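Have a look at run13.csv below; it lists CSV, C-alpha atoms.
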chain,number,residue,atom,x,y,z
A,1154,MET,CA,-11.6,75.3,77.2
A,1155,ASN,CA,-12.3,78.0,74.7
A,1156,HIS,CA,-14.6,77.3,71.7
A,1157,GLU,CA,-15.1,78.8,68.4
A,1158,ASP,CA,-15.9,82.4,68.4
A,1159,GLN,CA,-19.6,82.5,67.8
A,1160,ASN,CA,-20.6,86.0,68.8
A,1161,ILE,CA,-21.5,87.3,65.3
A,1162,GLU,CA,-21.3,85.5,62.0
A,1163,LYS,CA,-20.7,87.7,58.9
A,1164,GLY,CA,-24.0,88.2,57.1
A,1165,PHE,CA,-24.2,87.2,53.5
A,1166,PRO,CA,-24.3,90.1,51.0
A,1167,ILE,CA,-27.8,90.8,50.0
A,1168,ASP,CA,-28.6,91.1,46.3
A,1169,SER,CA,-30.6,94.3,46.2
A,1170,SER,CA,-31.4,94.0,42.5
A,1171,ILE,CA,-35.1,93.3,41.7
A,1172,THR,CA,-36.0,91.1,38.8
A,1173,THR,CA,-39.1,92.3,37.1
A,1174,THR,CA,-41.2,90.7,34.4
A,1175,SER,CA,-41.6,93.0,31.3
A,1176,SER,CA,-44.5,92.7,28.9
A,1177,SER,CA,-44.7,94.3,25.5
A,1178,SER,CA,-47.9,95.9,24.3
A,1179,SER,CA,-48.8,95.5,20.6
A,1180,ILE,CA,-50.5,98.4,19.0
A,1181,THR,CA,-53.6,97.2,17.3
A,1182,PRO,CA,-55.4,99.5,14.9
A,1183,GLY,CA,-59.1,99.6,15.5
A,1184,GLY,CA,-62.2,101.7,14.9
A,1185,THR,CA,-63.0,103.9,12.0
A,1186,SER,CA,-60.0,106.2,12.4
A,1187,ALA,CA,-56.8,104.1,12.3
A,1188,THR,CA,-54.6,107.2,12.8
A,1189,SER,CA,-56.5,108.3,15.9
A,1190,SER,CA,-56.6,104.8,17.4
A,1191,THR,CA,-52.9,104.2,16.8
A,1192,GLY,CA,-51.9,107.6,18.3
A,1193,SER,CA,-54.0,106.8,21.3
A,1194,SER,CA,-52.5,103.4,21.8
A,1195,ILE,CA,-49.0,104.8,21.5
A,1196,SER,CA,-49.7,107.4,24.1
A,1197,SER,CA,-51.3,104.9,26.4
A,1198,SER,CA,-48.4,102.5,25.9
A,1199,ILE,CA,-45.8,105.2,26.7
A,1200,SER,CA,-47.8,106.3,29.7
A,1201,GLY,CA,-48.1,102.7,30.9
A,1202,ALA,CA,-44.4,102.1,30.4
A,1203,SER,CA,-43.5,105.2,32.3
A,1204,SER,CA,-45.7,104.2,35.1
A,1205,THR,CA,-44.2,100.7,35.2
A,1206,ARG,CA,-40.7,102.1,35.3
A,1207,SER,CA,-41.6,104.5,38.1
A,1208,SER,CA,-43.3,101.7,40.1
A,1209,ALA,CA,-40.3,99.4,39.5
A,1210,SER,CA,-37.9,102.1,40.5
A,1211,SER,CA,-39.8,102.9,43.7
A,1212,SER,CA,-40.1,99.2,44.5
A,1213,THR,CA,-36.3,98.8,44.0
A,1214,ASN,CA,-35.5,101.7,46.2
A,1215,GLU,CA,-37.8,100.4,48.9
A,1216,GLU,CA,-36.2,97.0,48.8
A,1217,GLU,CA,-32.7,98.5,49.0
A,1218,ASP,CA,-33.8,100.6,52.0
A,1219,ARG,CA,-35.1,97.6,53.8
A,1220,ASN,CA,-31.9,95.6,53.1
A,1221,LEU,CA,-29.8,98.5,54.3
A,1222,ALA,CA,-31.9,98.8,57.4
A,1223,ALA,CA,-31.4,95.1,58.1
A,1224,ASP,CA,-27.6,95.4,57.6
A,1225,SER,CA,-27.6,98.5,59.9
A,1226,TYR,CA,-29.4,96.6,62.6
A,1227,GLU,CA,-26.9,93.7,62.3
A,1228,ARG,CA,-23.9,96.0,62.6
A,1229,ALA,CA,-25.5,97.8,65.6
A,1230,ALA,CA,-26.0,94.5,67.2
A,1231,VAL,CA,-22.3,93.6,66.7
A,1232,THR,CA,-21.2,96.8,68.4
A,1233,LEU,CA,-23.7,96.4,71.3
A,1234,GLU,CA,-22.7,92.9,71.9
A,1235,GLN,CA,-19.0,93.8,72.0
A,1236,GLU,CA,-19.9,96.5,74.5
A,1237,GLY,CA,-21.7,93.9,76.6
A,1238,ASN,CA,-25.2,95.3,76.1
A,1239,LEU,CA,-26.8,92.0,75.3
A,1240,ASP,CA,-30.4,93.0,75.7
A,1241,SER,CA,-30.1,95.8,73.1
A,1242,ALA,CA,-28.0,93.6,70.8
A,1243,LEU,CA,-30.8,90.9,70.9
A,1244,GLU,CA,-33.4,93.6,70.0
A,1245,MET,CA,-31.3,94.7,67.0
A,1246,HIS,CA,-30.9,91.1,65.9
A,1247,GLN,CA,-34.7,90.5,66.2
A,1248,LYS,CA,-35.3,93.6,64.0
A,1249,CYS,CA,-32.8,92.3,61.4
A,1250,LEU,CA,-34.4,88.9,61.4
A,1251,ALA,CA,-37.9,90.3,60.9
A,1252,ILE,CA,-36.8,92.2,57.8
A,1253,ARG,CA,-34.9,89.1,56.4
A,1254,LEU,CA,-37.9,86.9,56.8
A,1255,GLN,CA,-40.3,89.5,55.3
A,1256,LYS,CA,-38.1,90.4,52.3
A,1257,LEU,CA,-36.0,87.2,51.7
A,1258,GLY,CA,-38.1,84.5,53.3
A,1259,GLU,CA,-36.9,81.5,55.4
A,1260,GLU,CA,-34.9,79.9,52.7
A,1261,HIS,CA,-32.0,82.4,52.4
A,1262,PRO,CA,-28.5,82.4,53.7
A,1263,ALA,CA,-28.9,85.8,55.3
A,1264,THR,CA,-32.0,84.6,57.2
A,1265,ALA,CA,-30.0,81.6,58.5
A,1266,THR,CA,-27.3,84.0,59.7
A,1267,ALA,CA,-29.8,86.1,61.5
A,1268,TYR,CA,-31.1,83.1,63.3
A,1269,SER,CA,-27.5,82.2,64.3
A,1270,ASN,CA,-26.7,85.7,65.5
A,1271,MET,CA,-29.8,85.8,67.7
A,1272,ALA,CA,-28.9,82.3,69.1
A,1273,SER,CA,-25.4,83.4,70.0
A,1274,VAL,CA,-26.6,86.3,72.1
A,1275,LEU,CA,-29.2,84.1,73.8
A,1276,GLU,CA,-26.4,81.7,74.6
A,1277,GLU,CA,-24.3,84.5,76.1
A,1278,GLN,CA,-27.4,85.4,78.2
A,1279,GLY,CA,-27.7,81.8,79.4
A,1280,HIS,CA,-30.9,81.1,77.6
A,1281,LEU,CA,-29.6,77.8,76.3
A,1282,ASN,CA,-32.8,76.1,75.2
A,1283,LYS,CA,-33.9,79.2,73.2
A,1284,ALA,CA,-30.4,79.4,71.7
A,1285,LEU,CA,-30.4,75.8,70.7
A,1286,LYS,CA,-33.8,76.1,69.0
A,1287,LEU,CA,-32.6,79.0,66.8
A,1288,HIS,CA,-29.2,77.3,66.0
A,1289,LYS,CA,-31.2,74.3,64.9
A,1290,LYS,CA,-33.4,76.5,62.7
A,1291,CYS,CA,-30.2,78.0,61.2
A,1292,LEU,CA,-28.8,74.5,60.6
A,1293,ALA,CA,-32.0,73.3,58.9
A,1294,VAL,CA,-32.0,76.2,56.5
A,1295,ARG,CA,-28.4,75.8,55.7
A,1296,GLU,CA,-28.7,72.1,55.1
A,1297,ARG,CA,-31.5,72.7,52.7
A,1298,ILE,CA,-30.0,75.6,50.6
A,1299,LEU,CA,-26.3,75.0,51.1
A,1300,GLY,CA,-26.1,71.3,51.7
A,1301,ARG,CA,-24.2,69.5,54.5
A,1302,ASN,CA,-20.8,69.9,52.9
A,1303,HIS,CA,-20.6,73.7,53.3
A,1304,VAL,CA,-18.5,75.7,55.7
A,1305,ASP,CA,-21.4,77.6,57.0
A,1306,THR,CA,-23.3,74.4,57.7
A,1307,ALA,CA,-20.2,73.1,59.6
A,1308,THR,CA,-20.3,76.3,61.7
A,1309,SER,CA,-23.9,75.5,62.6
A,1310,TYR,CA,-22.9,72.0,63.7
A,1311,ASN,CA,-20.2,73.5,65.9
A,1312,ASN,CA,-22.5,76.1,67.4
A,1313,ILE,CA,-25.1,73.5,68.3
A,1314,GLY,CA,-22.3,71.4,69.8
A,1315,SER,CA,-21.2,74.3,72.0
A,1316,VAL,CA,-24.7,74.8,73.4
A,1317,LEU,CA,-25.1,71.1,74.0
A,1318,GLU,CA,-21.8,71.0,75.8
A,1319,GLU,CA,-22.9,73.9,78.0
A,1320,LYS,CA,-26.1,72.0,78.8
A,1321,GLY,CA,-24.0,69.0,79.8
A,1322,GLU,CA,-25.2,66.8,76.9
A,1323,LEU,CA,-21.7,65.7,76.1
A,1324,GLU,CA,-22.4,62.7,73.8
A,1325,ASP,CA,-24.7,64.8,71.6
A,1326,ALA,CA,-22.3,67.7,71.6
A,1327,LEU,CA,-19.5,65.4,70.6
A,1328,ASP,CA,-21.6,64.0,67.7
A,1329,MET,CA,-22.1,67.6,66.4
A,1330,TYR,CA,-18.4,68.5,66.7
A,1331,TYR,CA,-17.4,65.3,64.8
A,1332,ILE,CA,-19.9,66.1,62.0
A,1333,GLY,CA,-18.6,69.7,61.8
A,1334,LEU,CA,-15.0,68.4,61.7
A,1335,ALA,CA,-15.7,65.9,58.9
A,1336,THR,CA,-17.3,68.7,56.9
A,1337,ARG,CA,-14.4,71.1,57.5
A,1338,GLU,CA,-11.8,68.5,56.6
A,1339,LYS,CA,-13.7,67.7,53.4
A,1340,VAL,CA,-14.1,71.3,52.4
A,1341,TRP,CA,-11.0,73.0,53.8
A,1342,GLY,CA,-8.7,70.1,54.4
A,1343,LYS,CA,-6.8,69.5,57.6
A,1344,LYS,CA,-4.6,72.5,57.4
A,1345,HIS,CA,-7.1,75.2,58.1
A,1346,ILE,CA,-7.9,77.4,61.2
A,1347,ASP,CA,-11.5,76.2,61.4
A,1348,THR,CA,-10.4,72.6,61.3
A,1349,ALA,CA,-8.0,73.4,64.2
A,1350,THR,CA,-11.0,74.8,66.1
A,1351,SER,CA,-12.9,71.6,65.6
A,1352,TYR,CA,-10.0,69.6,66.9
A,1353,ARG,CA,-9.8,71.7,70.0
A,1354,ASN,CA,-13.6,71.5,70.7
A,1355,ILE,CA,-13.5,67.7,70.4
A,1356,ALA,CA,-10.5,67.6,72.7
A,1357,SER,CA,-12.4,69.6,75.3
A,1358,ILE,CA,-15.4,67.1,75.3
A,1359,LEU,CA,-13.1,64.1,75.4
A,1360,GLU,CA,-11.3,65.6,78.4
A,1361,GLU,CA,-14.6,66.2,80.2
A,1362,LYS,CA,-15.5,62.6,79.5
A,1363,GLY,CA,-12.2,61.4,81.0
A,1364,ASP,CA,-10.7,60.1,77.8
A,1365,LEU,CA,-7.5,62.0,78.3
A,1366,GLU,CA,-5.3,60.2,75.8
A,1367,ALA,CA,-7.8,60.8,73.0
A,1368,SER,CA,-8.1,64.4,74.1
A,1369,LEU,CA,-4.3,64.8,74.0
A,1370,GLU,CA,-4.2,63.5,70.4
A,1371,MET,CA,-6.8,66.1,69.3
A,1372,HIS,CA,-4.9,68.9,71.1
A,1373,TYR,CA,-1.7,67.9,69.2
A,1374,ASN,CA,-3.6,67.9,65.9
A,1375,CYS,CA,-4.9,71.4,66.8
A,1376,LEU,CA,-1.4,72.6,67.6
A,1377,GLU,CA,0.1,71.2,64.4
A,1378,VAL,CA,-2.5,73.0,62.3
A,1379,LEU,CA,-2.1,76.3,64.2
A,1380,GLU,CA,1.6,76.3,63.9
A,1381,TYR,CA,1.3,75.6,60.1
A,1382,VAL,CA,-1.4,78.2,59.5
A,1383,ILE,CA,-0.6,81.2,61.7
A,1384,GLY,CA,2.9,80.5,62.9
A,1385,LYS,CA,4.3,79.9,66.4
A,1386,ASP,CA,4.2,83.4,67.6
A,1387,HIS,CA,0.4,83.7,68.0
A,1388,ILE,CA,-1.7,83.8,71.2
A,1389,LYS,CA,-3.8,80.9,69.9
A,1390,VAL,CA,-0.7,78.8,69.7
A,1391,ALA,CA,0.3,79.8,73.2
A,1392,ASP,CA,-3.2,78.7,74.4
A,1393,SER,CA,-2.6,75.4,72.6
A,1394,TYR,CA,0.7,74.9,74.3
A,1395,HIS,CA,-1.0,75.6,77.6
A,1396,ASP,CA,-3.8,73.1,76.9
A,1397,ILE,CA,-1.3,70.3,76.1
A,1398,ALA,CA,0.8,71.2,79.2
A,1399,SER,CA,-2.2,71.0,81.5
A,1400,LEU,CA,-3.3,67.7,80.0
A,1401,LEU,CA,0.1,66.1,80.3
A,1402,THR,CA,0.3,67.2,83.9
A,1403,GLU,CA,-3.2,65.7,84.5
A,1404,ILE,CA,-2.2,62.4,82.9
A,1405,GLY,CA,1.0,62.4,85.0
A,1406,GLU,CA,3.3,61.3,82.2
A,1407,ASP,CA,6.1,63.0,80.4
A,1408,LEU,CA,6.2,65.9,82.9
A,1409,ASP,CA,9.4,67.2,81.1
A,1410,GLU,CA,7.3,67.8,78.0
A,1411,ALA,CA,4.6,69.4,80.1
A,1412,LEU,CA,7.1,71.8,81.5
A,1413,GLU,CA,8.5,72.6,78.0
A,1414,MET,CA,5.0,73.3,76.8
A,1415,HIS,CA,4.3,75.7,79.7
A,1416,VAL,CA,7.6,77.5,79.0
A,1417,LYS,CA,6.7,77.8,75.3
A,1418,SER,CA,3.3,79.2,76.1
A,1419,LEU,CA,4.8,81.8,78.4
A,1420,ALA,CA,7.5,82.7,75.8
A,1421,VAL,CA,4.9,83.3,73.1
A,1422,LYS,CA,2.6,85.3,75.3
A,1423,GLU,CA,5.4,87.5,76.4
A,1424,LYS,CA,6.5,88.1,72.8
A,1425,VAL,CA,2.9,88.9,71.7
A,1426,PHE,CA,2.6,91.4,74.6
A,1427,ALA,CA,5.9,92.9,73.5
A,1428,LEU,CA,4.8,93.3,69.9
A,1429,VAL,CA,1.6,95.0,71.0
A,1430,LEU,CA,3.5,97.4,73.3
A,1431,GLN,CA,5.9,98.1,70.5
A,1432,GLN,CA,3.0,99.0,68.2
A,1433,ASP,CA,1.7,101.3,70.9
A,1434,GLY,CA,5.0,103.1,71.2
A,1435,ASP,CA,5.9,101.8,74.7
A,1436,PHE,CA,9.4,100.7,73.6
A,1437,ASP,CA,10.8,100.3,77.1
A,1438,THR,CA,8.2,97.9,78.3
A,1439,SER,CA,8.1,96.1,75.0
A,1440,LEU,CA,11.9,95.6,75.2
A,1441,ASP,CA,11.5,94.2,78.7
A,1442,TYR,CA,9.0,91.6,77.5
A,1443,HIS,CA,11.2,90.7,74.4
A,1444,PHE,CA,14.1,90.0,76.7
A,1445,LYS,CA,11.9,87.9,79.0
A,1446,SER,CA,10.7,85.9,75.9
A,1447,LEU,CA,14.3,85.5,74.8
A,1448,HIS,CA,15.4,84.1,78.2
A,1449,VAL,CA,12.5,81.7,78.3
A,1450,ARG,CA,13.3,80.5,74.7
A,1451,GLU,CA,16.9,80.1,75.5
A,1452,GLN,CA,16.0,77.7,78.4
A,1453,VAL,CA,13.9,75.6,76.0
A,1454,LEU,CA,15.8,75.8,72.7
A,1455,GLY,CA,19.4,76.7,73.7
A,1456,MET,CA,21.4,79.7,72.6
A,1457,ASP,CA,21.9,78.5,69.0
A,1458,HIS,CA,18.5,78.3,67.3
A,1459,VAL,CA,16.7,80.1,64.5
A,1460,GLU,CA,14.0,81.3,66.9
A,1461,ILE,CA,16.6,82.8,69.1
A,1462,ALA,CA,17.9,84.7,66.1
A,1463,ASN,CA,14.4,86.0,65.5
A,1464,CYS,CA,14.3,87.3,69.1
A,1465,TYR,CA,17.6,89.0,68.6
A,1466,GLY,CA,16.2,90.7,65.5
A,1467,HIS,CA,13.1,91.9,67.3
A,1468,ILE,CA,15.1,93.3,70.1
A,1469,GLY,CA,17.6,95.0,67.7
A,1470,SER,CA,14.7,96.6,65.8
A,1471,ILE,CA,13.3,98.1,68.9
A,1472,GLN,CA,16.6,99.4,70.0
A,1473,LEU,CA,17.0,101.0,66.6
A,1474,GLU,CA,13.7,102.8,66.9
A,1475,MET,CA,14.9,104.0,70.3
A,1476,GLY,CA,18.1,105.3,68.7
A,1477,ASN,CA,20.4,102.9,70.5
A,1478,LEU,CA,22.5,102.1,67.5
A,1479,GLU,CA,25.3,100.3,69.2
A,1480,SER,CA,23.0,97.9,71.1
A,1481,SER,CA,20.9,97.4,67.9
A,1482,LEU,CA,24.0,96.6,65.9
A,1483,GLU,CA,25.1,94.0,68.5
A,1484,MET,CA,21.7,92.2,68.4
A,1485,HIS,CA,21.5,92.2,64.7
A,1486,ARG,CA,25.0,90.7,64.4
A,1487,LYS,CA,24.0,87.9,66.8
A,1488,CYS,CA,20.9,87.4,64.7
A,1489,LEU,CA,23.0,87.3,61.5
A,1490,ALA,CA,25.5,84.8,62.9
A,1491,ILE,CA,22.8,82.2,63.8
A,1492,ARG,CA,21.0,82.7,60.4
A,1493,GLN,CA,24.2,82.2,58.5
A,1494,LYS,CA,24.9,79.0,60.4
A,1495,HIS,CA,21.5,77.4,60.1
A,1496,LEU,CA,19.9,79.0,57.0
A,1497,GLY,CA,22.9,79.8,54.8
A,1498,GLU,CA,24.1,82.9,53.1
A,1499,ASP,CA,21.5,83.0,50.4
A,1500,HIS,CA,18.4,82.6,52.6
A,1501,PRO,CA,15.9,85.5,52.5
A,1502,SER,CA,16.1,86.0,56.3
A,1503,THR,CA,19.9,86.1,56.1
A,1504,LEU,CA,19.8,88.6,53.3
A,1505,THR,CA,17.5,90.7,55.4
A,1506,SER,CA,20.0,90.7,58.2
A,1507,PHE,CA,22.8,91.8,55.9
A,1508,ASN,CA,20.5,94.7,54.7
A,1509,ILE,CA,19.6,95.8,58.2
A,1510,LEU,CA,23.2,95.8,59.3
A,1511,ALA,CA,24.2,97.8,56.2
A,1512,SER,CA,21.5,100.4,57.1
A,1513,ILE,CA,22.7,100.7,60.7
A,1514,LEU,CA,26.3,100.9,59.8
A,1515,HIS,CA,25.5,103.6,57.2
A,1516,THR,CA,23.6,105.6,59.8
A,1517,MET,CA,26.7,105.3,62.1
A,1518,GLY,CA,29.0,106.6,59.4
A,1519,ASP,CA,30.9,103.3,58.8
A,1520,PHE,CA,30.4,103.4,55.1
A,1521,GLU,CA,33.1,100.8,54.2
A,1522,LYS,CA,31.5,98.1,56.4
A,1523,SER,CA,28.0,99.2,55.3
A,1524,LEU,CA,29.0,98.7,51.7
A,1525,GLU,CA,30.4,95.2,52.5
A,1526,MET,CA,27.0,94.3,54.0
A,1527,GLN,CA,25.2,95.7,51.0
A,1528,ARG,CA,27.2,93.6,48.7
A,1529,LYS,CA,26.6,90.4,50.7
A,1530,GLY,CA,22.9,91.2,50.9
A,1531,SER,CA,22.7,92.3,47.2
A,1532,ILE,CA,20.4,95.1,48.4
A,1533,GLN,CA,21.2,98.7,47.9
A,1534,VAL,CA,20.6,101.0,50.9
A,1535,LEU,CA,18.6,104.1,49.8
Please re-express this file's structure in structure tokens.
Amino acid sequence: MNHEDQNIEKGFPIDSSITTTSSSSSITPGGTSATSSTGSSISSSISGASSTRSSASSSTNEEEDRNLAADSYERAAVTLEQEGNLDSALEMHQKCLAIRLQKLGEEHPATATAYSNMASVLEEQGHLNKALKLHKKCLAVRERILGRNHVDTATSYNNIGSVLEEKGELEDALDMYYIGLATREKVWGKKHIDTATSYRNIASILEEKGDLEASLEMHYNCLEVLEYVIGKDHIKVADSYHDIASLLTEIGEDLDEALEMHVKSLAVKEKVFALVLQQDGDFDTSLDYHFKSLHVREQVLGMDHVEIANCYGHIGSIQLEMGNLESSLEMHRKCLAIRQKHLGEDHPSTLTSFNILASILHTMGDFEKSLEMQRKGSIQVL
């Protein structure tokens, strides 16, 4: 099972402004010559003020340089970790942490993040005890300065849970995941991507413990949130379909639904691949994957479903980019027919179909039918 992406947490922005304490010097006349004494005091005061400003400016610049250096180390670590160079990434994180501790102290969000980033690399290297120690340091700082009901604190609970799960300490890991979930539900509510992550992590532990029914319930909770937040055509949703299908198969009940979930997972993945290929300009391969996705969805949903209409629309758009106007027109007409039936004439998606058809017909020189589509869509083709 996959867990929350822990590689690098975004660092908190560092306030590079320096607060200085200003003192005002009063000019006190003294000695036998008031004019001379006063003039000397004014000169001294101006010189002192100038020196103070110069010192403050120098100090501010130094602080800014140090903070920028820490940020640079952190960004370099991110790149190195993505490249798989974990030893160098860890070294960069250590340098970042050293500056954070020196300039910001222990009790600062950015210092906590530096602990967490180091811990994540150590976890990837397999140094689980060292990773756990640093994640716990991060948690302690966040609980003190942010409180328990904060999203970053919830992330720390989750990160500790992940290391404990890798160590095989399932009960303690489950406790951490549940605390993180409670915080996320309180702060974000149930319909949030981070909450979905917590559901999935808990489901993973419950499955490892053999509590398959409880795990299945958590997986369904995760799927419901993902579909609501990011839509059905996303790779995370495909993974969620697959998780549920595998669990249903393992339980041995409702194998028809297990098959349906497998098919849905396949359809989404093929559509995602198709969209990526389309963005890369590989229209032929993209079109092939879109047709595969369409055929899989037709098996699950039937021929007359709004999602089938969306597939027709995607295929028609690719064919239009390829210059296949007749084929594109056919697909967009199929898309329109389903949308009219299930969404109605005035739905935004239906109006979009009218507009696309108007544009295609206009390009083909069928101006009369193009005008008819324009009127139905109430959108003028430029």
Separation of CA of Ala1326 (chain A) from CA of Ile1358 (chain A) in Å: 7.9 Å
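Put simply, CA of Ser1368 (chain A) is 12.3 Å away from CA of Ala1398 (chain A).
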Give me the residues near Glu1296 (chain A) as a CSV table (one decimal) with C-alpha atoms, keeping the file's coordinate frame, where near means some atom within 12 Å (using all atoms listed in the file) and where sequence neighbours in that chain fewer than 2 positions away do not count.
chain,number,residue,atom,x,y,z
A,1260,GLU,CA,-34.9,79.9,52.7
A,1261,HIS,CA,-32.0,82.4,52.4
A,1262,PRO,CA,-28.5,82.4,53.7
A,1265,ALA,CA,-30.0,81.6,58.5
A,1289,LYS,CA,-31.2,74.3,64.9
A,1290,LYS,CA,-33.4,76.5,62.7
A,1291,CYS,CA,-30.2,78.0,61.2
A,1292,LEU,CA,-28.8,74.5,60.6
A,1293,ALA,CA,-32.0,73.3,58.9
A,1294,VAL,CA,-32.0,76.2,56.5
A,1298,ILE,CA,-30.0,75.6,50.6
A,1299,LEU,CA,-26.3,75.0,51.1
A,1300,GLY,CA,-26.1,71.3,51.7
A,1301,ARG,CA,-24.2,69.5,54.5
A,1302,ASN,CA,-20.8,69.9,52.9
A,1303,HIS,CA,-20.6,73.7,53.3
A,1304,VAL,CA,-18.5,75.7,55.7
A,1305,ASP,CA,-21.4,77.6,57.0
A,1306,THR,CA,-23.3,74.4,57.7
A,1307,ALA,CA,-20.2,73.1,59.6
A,1308,THR,CA,-20.3,76.3,61.7
A,1309,SER,CA,-23.9,75.5,62.6
A,1310,TYR,CA,-22.9,72.0,63.7
Using all atoms listed in the file, determine which residues lie at most 12 Å from Tyr1331 (chain A), disregarding the query and same-chain residues fewer than 5 positions distant; provide the list as a PyMOL selection string. chain A and resi 1307-1308+1310-1311+1313-1314+1324-1326+1336-1338+1348+1350-1356+1358-1359+1371
Filtering to C-alpha atoms, could you give me those residues as a PDB file, keeping the file's coordinate frame?
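Saved to out.pdb:
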ATOM      1  CA  ALA A1307     -20.200  73.100  59.600  1.00  0.00           C
ATOM      2  CA  THR A1308     -20.300  76.300  61.700  1.00  0.00           C
ATOM      3  CA  TYR A1310     -22.900  72.000  63.700  1.00  0.00           C
ATOM      4  CA  ASN A1311     -20.200  73.500  65.900  1.00  0.00           C
ATOM      5  CA  ILE A1313     -25.100  73.500  68.300  1.00  0.00           C
ATOM      6  CA  GLY A1314     -22.300  71.400  69.800  1.00  0.00           C
ATOM      7  CA  GLU A1324     -22.400  62.700  73.800  1.00  0.00           C
ATOM      8  CA  ASP A1325     -24.700  64.800  71.600  1.00  0.00           C
ATOM      9  CA  ALA A1326     -22.300  67.700  71.600  1.00  0.00           C
ATOM     10  CA  THR A1336     -17.300  68.700  56.900  1.00  0.00           C
ATOM     11  CA  ARG A1337     -14.400  71.100  57.500  1.00  0.00           C
ATOM     12  CA  GLU A1338     -11.800  68.500  56.600  1.00  0.00           C
ATOM     13  CA  THR A1348     -10.400  72.600  61.300  1.00  0.00           C
ATOM     14  CA  THR A1350     -11.000  74.800  66.100  1.00  0.00           C
ATOM     15  CA  SER A1351     -12.900  71.600  65.600  1.00  0.00           C
ATOM     16  CA  TYR A1352     -10.000  69.600  66.900  1.00  0.00           C
ATOM     17  CA  ARG A1353      -9.800  71.700  70.000  1.00  0.00           C
ATOM     18  CA  ASN A1354     -13.600  71.500  70.700  1.00  0.00           C
ATOM     19  CA  ILE A1355     -13.500  67.700  70.400  1.00  0.00           C
ATOM     20  CA  ALA A1356     -10.500  67.600  72.700  1.00  0.00           C
ATOM     21  CA  ILE A1358     -15.400  67.100  75.300  1.00  0.00           C
ATOM     22  CA  LEU A1359     -13.100  64.100  75.400  1.00  0.00           C
ATOM     23  CA  MET A1371      -6.800  66.100  69.300  1.00  0.00           C
TER      24      MET A1371
END
Which residues come within 8 Å of Lys1422 (chain A), counting all atoms listed in the file, excluding same-chain residues fewer than 4 positions away, as a compact mmCIF listing (two decimals) with C-alpha atoms, in the frame of the given file?
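Output contents, as saved in result-v1.txt:
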# COMPACT_ATOMS: atom_id res chain seq x y z
CA HIS A 1387 0.40 83.70 68.00
CA ILE A 1388 -1.70 83.80 71.20
CA ALA A 1391 0.30 79.80 73.20
CA SER A 1418 3.30 79.20 76.10
CA PHE A 1426 2.60 91.40 74.60
Could you jot down the CA of Gly1469 (chain A) to CA of His1485 (chain A) separation for me, Å, one decimal place? 5.7 Å
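Taking all atoms listed in the file into account, Thr1516 (chain A) lies nearest to A:Leu1473 out of the set A:Leu1473, A:Leu1257, A:Met1484, A:Ile1491.
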Considering all atoms listed in the file, can you say which of A:Arg1295, A:Lys1343, A:Asp1433, A:Glu1277 comes closest to Glu1319 (chain A)? A:Glu1277
Nearest candidate to Ala1242 (chain A) (options A:Val1425, A:Ala1230, A:Leu1254, A:Leu1478; using only C-alpha atoms):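 Among the listed residues, A:Ala1230 lies closest to Ala1242 (chain A).
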Which residues are close to Cys1249 (chain A), i.e. within 7 Å by only C-alpha atoms, leaving aside same-chain residues fewer than 3 positions away? Reply as a PyMOL selection string. chain A and resi 1223+1226-1227+1245-1246+1252-1253+1267
Selection near region 1521-1532 of chain A, 12 Å with only C-alpha atoms, sequence-local residues under 5 positions removed, as an MDAnalysis selection string: chainID A and resid 1482 1486 1489 1493 1497:1516
A:Arg1297, A:Gly1237, A:His1467, A:Gln1278: which is nearest Glu1259 (chain A), counting all atoms listed in the file?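 Using all atoms listed in the file, Glu1259 (chain A) sits closest to A:Arg1297.
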Please list, as a list in words, the residues that have an atom at most 6 Å away from (2.6, 67.6, 79.6) in the coordinates of this file, counting only C-alpha atoms.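 Within 6 Å of (2.6, 67.6, 79.6), the protein and nucleic acid residues are Ile1397, Ala1398, Leu1400, Leu1401, Thr1402, Asp1407, Leu1408, Glu1410 and Ala1411 of chain A.
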